[in-house]
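A.B. asks: The structure follows.
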Amino acid sequence: MAILVTGGAGFIGSNFVLDWLAQGFETVVNLDKLTYAGNLQNLASVAGNPAHLFVHGDFGDAALVARLLQKHQPRAVINFAAESHVDRSISGPGEFIQTNIVGTFTLLEAVRVYWGTQSEANKTAFRFLHVSTDEVYGSLAKTDAAFTETHRYEPNSPYSASKAASDHLVRAYHHTYGLPVLTTNCSNNYGPYHFPEKLIPLLIVNAQAGKPLPVYGDGQQIRDWLYVKDHCSAIRRVLEVGRVGQVYNVGGWNEKPNLDIVHTVCALLDELAPRLDGKPYTDQISFVADRPGHDQRYAIDARKIEQELGWKPAETFETGIRKTVQWYLDHPDWVANVQSGGYRDWVAQQYEKTKASA
Ligand code: NAD
Ligand code: DAU
């Protein structure tokens, strides 16, 4: 038995693969294109594990995906692969359309064909789990109710529009072809292996490097934050007991204005790694031009997954953010390699020997 994961060398995907293998579940075939966001160093601890079969490739390569499905006969496909950074989608939307929409479509087609060849029992047991985002629902005003699964789709950035399109394709493959799909729409994740172009890891590495801590606009935009391991446990729960065809919103009930996040990270660094000059890290805060079309507020109503599937996050924001800051302080080599681009050599240095043949 195996599962096929796409994008398993990225932030959430690698946390998912590590947790999955640590819990002794079945083999993971991990298909990742290793874009700038894919980092095999995240998976260094499982490099010799025969239950982890890494395949360097594109989930939009129909022939490759078909071969992998035939060879490994997975009972489930979990789709993490995406272009994920909103700012990059604003400066270069084309890659987001190609990866998030065309790539997901190509994957769905290959999976549909594979699924159609399975026995009735395997067809019933099979799952395609699509990992999506709360950003598809658009932006909330301060007093609006949090996003439920029936909230209207109103994506505002090329990133969220491309994720919305992929969600619709997944839904259509269930409705039209009967493919047993599940979709999760999660809020902002944070934790180990987060690429330092996103707010929280950027703050930690910039603070330590003595660089400015950029706050877009007035810093009063609100996000709901979830520790990445809790997102991974939610995905496992949905995979095992989620109702086919359903959507589950995943969130931490942790709405915070960005400026609060900045102050929290600074306070933790003041405590755990104080500046040599004794001054507070908040001195490095720098208000910069706002993100075009910046969504004001996201908030997740997670009652469906909690009440129906019995999932709850294990971390509070306070415990999760402390662990996260400590993880970055404990892993200066990982940070240095990401910043220098040295992580891109990891495949050649460490991983070729265990790479699965496609
Ligand atoms: P990430 O950018 O860190 O990782 C994306 C991974 O996908 C990388 O390893 C990259 O190499 C891989 N990839 C990109 N294009 C590919 C292709 N064509 N074929 C195969 N692999 C490819 O992203 P992340 O933050 O880990 O997000 C993972 C998923 O979760 C995404 O679908 C994202 O939309 C969703 N999501 C993210 C968050 C968050 O806060 N980060 C929250 C909710 C949902
Ligand atoms: O809500 C889920 C989404 O969360 C995921 O779907 C995305 O893949 C993920 O990247 C994340 O999107 P955001 O745009 O919310 O994350 P980001 O870390 O880029 O920004 C968080 C907030 O902080 C946002 O309001 C913009 C702001 N920000 C960001 C950066 C990078 C700053 O103020 N300064 C910064 O330098």
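In the structure tokens, the first chain shown is A, the next is B, and so on; residue numbers restart at 1 for each chain, and ligands run from 1 in the order shown.
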Apply DSSP to the structure's backbone, then extract all residues of segment 81-244 of chain A labelled alpha helix (DSSP H) and return them as an NGL selection string.

C.D. replies: :A and (86-91 or 94-96 or 104-116 or 120-125 or 158-177 or 199-208 or 228-241)

A.B. asks: Which parts of segment 146-233 of chain A does DSSP call strand (DSSP E) when run on the backbone here, written out as a list in words?

C.D. replies: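 Output for segment 146-233 of chain A, strand (DSSP E) only: Val181, Leu182, Thr183, Thr184, Asn185, Cys186, Asn188, Asn189, Tyr190, Leu213, Pro214, Val215, Tyr216, Ile222, Arg223, Asp224, Trp225, Leu226 and Tyr227 of chain A.
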
A.B. asks: Counting only C-alpha atoms and all ligand atoms, which residues of chain A fall within 6 Å of ligand 1, and what is the closest atom pair for each with its distance in Å at one decimal, ordered by chain and rising number, as JSON lines?

C.D. replies:
```
{"residue": "A:Thr6", "atom": "CA", "partner": "ligand 1", "partner_atom_place_in_ligand_line": "21 (N)", "distance": 5.7}
{"residue": "A:Gly7", "atom": "CA", "partner": "ligand 1", "partner_atom_place_in_ligand_line": "7 (O)", "distance": 3.5}
{"residue": "A:Gly8", "atom": "CA", "partner": "ligand 1", "partner_atom_place_in_ligand_line": "9 (O)", "distance": 5.7}
{"residue": "A:Ala9", "atom": "CA", "partner": "ligand 1", "partner_atom_place_in_ligand_line": "9 (O)", "distance": 4.0}
{"residue": "A:Gly10", "atom": "CA", "partner": "ligand 1", "partner_atom_place_in_ligand_line": "9 (O)", "distance": 3.2}
{"residue": "A:Phe11", "atom": "CA", "partner": "ligand 1", "partner_atom_place_in_ligand_line": "26 (O)", "distance": 3.7}
{"residue": "A:Ile12", "atom": "CA", "partner": "ligand 1", "partner_atom_place_in_ligand_line": "26 (O)", "distance": 3.7}
{"residue": "A:Gly13", "atom": "CA", "partner": "ligand 1", "partner_atom_place_in_ligand_line": "26 (O)", "distance": 5.3}
{"residue": "A:Leu31", "atom": "CA", "partner": "ligand 1", "partner_atom_place_in_ligand_line": "20 (C)", "distance": 5.8}
{"residue": "A:Asp32", "atom": "CA", "partner": "ligand 1", "partner_atom_place_in_ligand_line": "21 (N)", "distance": 3.6}
{"residue": "A:Lys33", "atom": "CA", "partner": "ligand 1", "partner_atom_place_in_ligand_line": "21 (N)", "distance": 4.0}
{"residue": "A:Leu34", "atom": "CA", "partner": "ligand 1", "partner_atom_place_in_ligand_line": "11 (O)", "distance": 3.6}
{"residue": "A:Thr35", "atom": "CA", "partner": "ligand 1", "partner_atom_place_in_ligand_line": "11 (O)", "distance": 4.0}
{"residue": "A:Ala37", "atom": "CA", "partner": "ligand 1", "partner_atom_place_in_ligand_line": "8 (C)", "distance": 4.6}
{"residue": "A:Gly38", "atom": "CA", "partner": "ligand 1", "partner_atom_place_in_ligand_line": "9 (O)", "distance": 3.2}
{"residue": "A:Gly57", "atom": "CA", "partner": "ligand 1", "partner_atom_place_in_ligand_line": "20 (C)", "distance": 5.9}
{"residue": "A:Asp58", "atom": "CA", "partner": "ligand 1", "partner_atom_place_in_ligand_line": "19 (N)", "distance": 3.5}
{"residue": "A:Phe59", "atom": "CA", "partner": "ligand 1", "partner_atom_place_in_ligand_line": "19 (N)", "distance": 4.0}
{"residue": "A:Gly60", "atom": "CA", "partner": "ligand 1", "partner_atom_place_in_ligand_line": "18 (N)", "distance": 5.6}
{"residue": "A:Phe80", "atom": "CA", "partner": "ligand 1", "partner_atom_place_in_ligand_line": "29 (C)", "distance": 4.2}
{"residue": "A:Ala81", "atom": "CA", "partner": "ligand 1", "partner_atom_place_in_ligand_line": "7 (O)", "distance": 3.6}
{"residue": "A:Ala82", "atom": "CA", "partner": "ligand 1", "partner_atom_place_in_ligand_line": "32 (O)", "distance": 4.6}
{"residue": "A:Glu83", "atom": "CA", "partner": "ligand 1", "partner_atom_place_in_ligand_line": "2 (O)", "distance": 5.4}
{"residue": "A:Ser84", "atom": "CA", "partner": "ligand 1", "partner_atom_place_in_ligand_line": "2 (O)", "distance": 4.6}
{"residue": "A:Thr99", "atom": "CA", "partner": "ligand 1", "partner_atom_place_in_ligand_line": "18 (N)", "distance": 5.2}
{"residue": "A:Val131", "atom": "CA", "partner": "ligand 1", "partner_atom_place_in_ligand_line": "30 (O)", "distance": 5.3}
{"residue": "A:Ser132", "atom": "CA", "partner": "ligand 1", "partner_atom_place_in_ligand_line": "44 (C)", "distance": 4.6}
{"residue": "A:Thr133", "atom": "CA", "partner": "ligand 1", "partner_atom_place_in_ligand_line": "44 (C)", "distance": 3.9}
{"residue": "A:Cys186", "atom": "CA", "partner": "ligand 1", "partner_atom_place_in_ligand_line": "43 (C)", "distance": 4.3}
{"residue": "A:Ser187", "atom": "CA", "partner": "ligand 1", "partner_atom_place_in_ligand_line": "42 (C)", "distance": 5.1}
{"residue": "A:Asn188", "atom": "CA", "partner": "ligand 1", "partner_atom_place_in_ligand_line": "40 (O)", "distance": 3.7}
{"residue": "A:Asn189", "atom": "CA", "partner": "ligand 1", "partner_atom_place_in_ligand_line": "40 (O)", "distance": 3.8}
```

A.B. asks: Could you check the closest approach to ligand 2 for each of A:Pro280, A:Pro214, A:Gly251, A:Gly245 and tell me which residue wins, using only C-alpha atoms and all ligand atoms?

C.D. replies: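 Going through A:Pro280, A:Pro214, A:Gly251, A:Gly245 one by one, the smallest distance to ligand 2 is for A:Pro214.
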
A.B. asks: Find the residue from A:Leu226, A:Val265, A:Val238, A:Leu272 that sits nearest to Thr316 of chain A; use only C-alpha atoms when measuring.

C.D. replies: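 Smallest separation from Thr316 of chain A among the options: A:Leu226.
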
A.B. asks: For each of A:Thr184, A:Asn42, A:Gln307, A:Gln98, take the minimum atom-to-atom distance to ligand 2, counting only C-alpha atoms and all ligand atoms, then give the residue where this is smallest.

C.D. replies: A:Thr184

A.B. asks: May I have the residues within 7 Å of ligand 2, computed using only C-alpha atoms and all ligand atoms, as number ranges by chain?

C.D. replies: A: 84-87, 132-135, 186-189, 197-200, 202, 214-216, 219, 221-223, 258, 294-295, 298

A.B. asks: Need to verify the contact set: Tyr190 of chain A, 8 Å, only C-alpha atoms, exclusion of same-chain residues closer than 4 positions in sequence. Can you return it as a PyMOL selection string?

C.D. replies: chain A and resi 194+200+225-228+321+324

A.B. asks: Please measure the separation of atom CA of Thr282 of chain A and atom CA of Gly252 of chain A, giving the value in Å to one decimal.

C.D. replies: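 Straight-line distance from atom CA of Thr282 of chain A to atom CA of Gly252 of chain A works out to 25.8 Å.
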
A.B. asks: Can you work out which one of A:Leu182, A:Val241, A:Val288, A:Ile235 has the shortest atom-to-atom distance to Gly217 of chain A, counting only C-alpha atoms?

C.D. replies: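 With only C-alpha atoms as the atom set, the closest residue is A:Val288.
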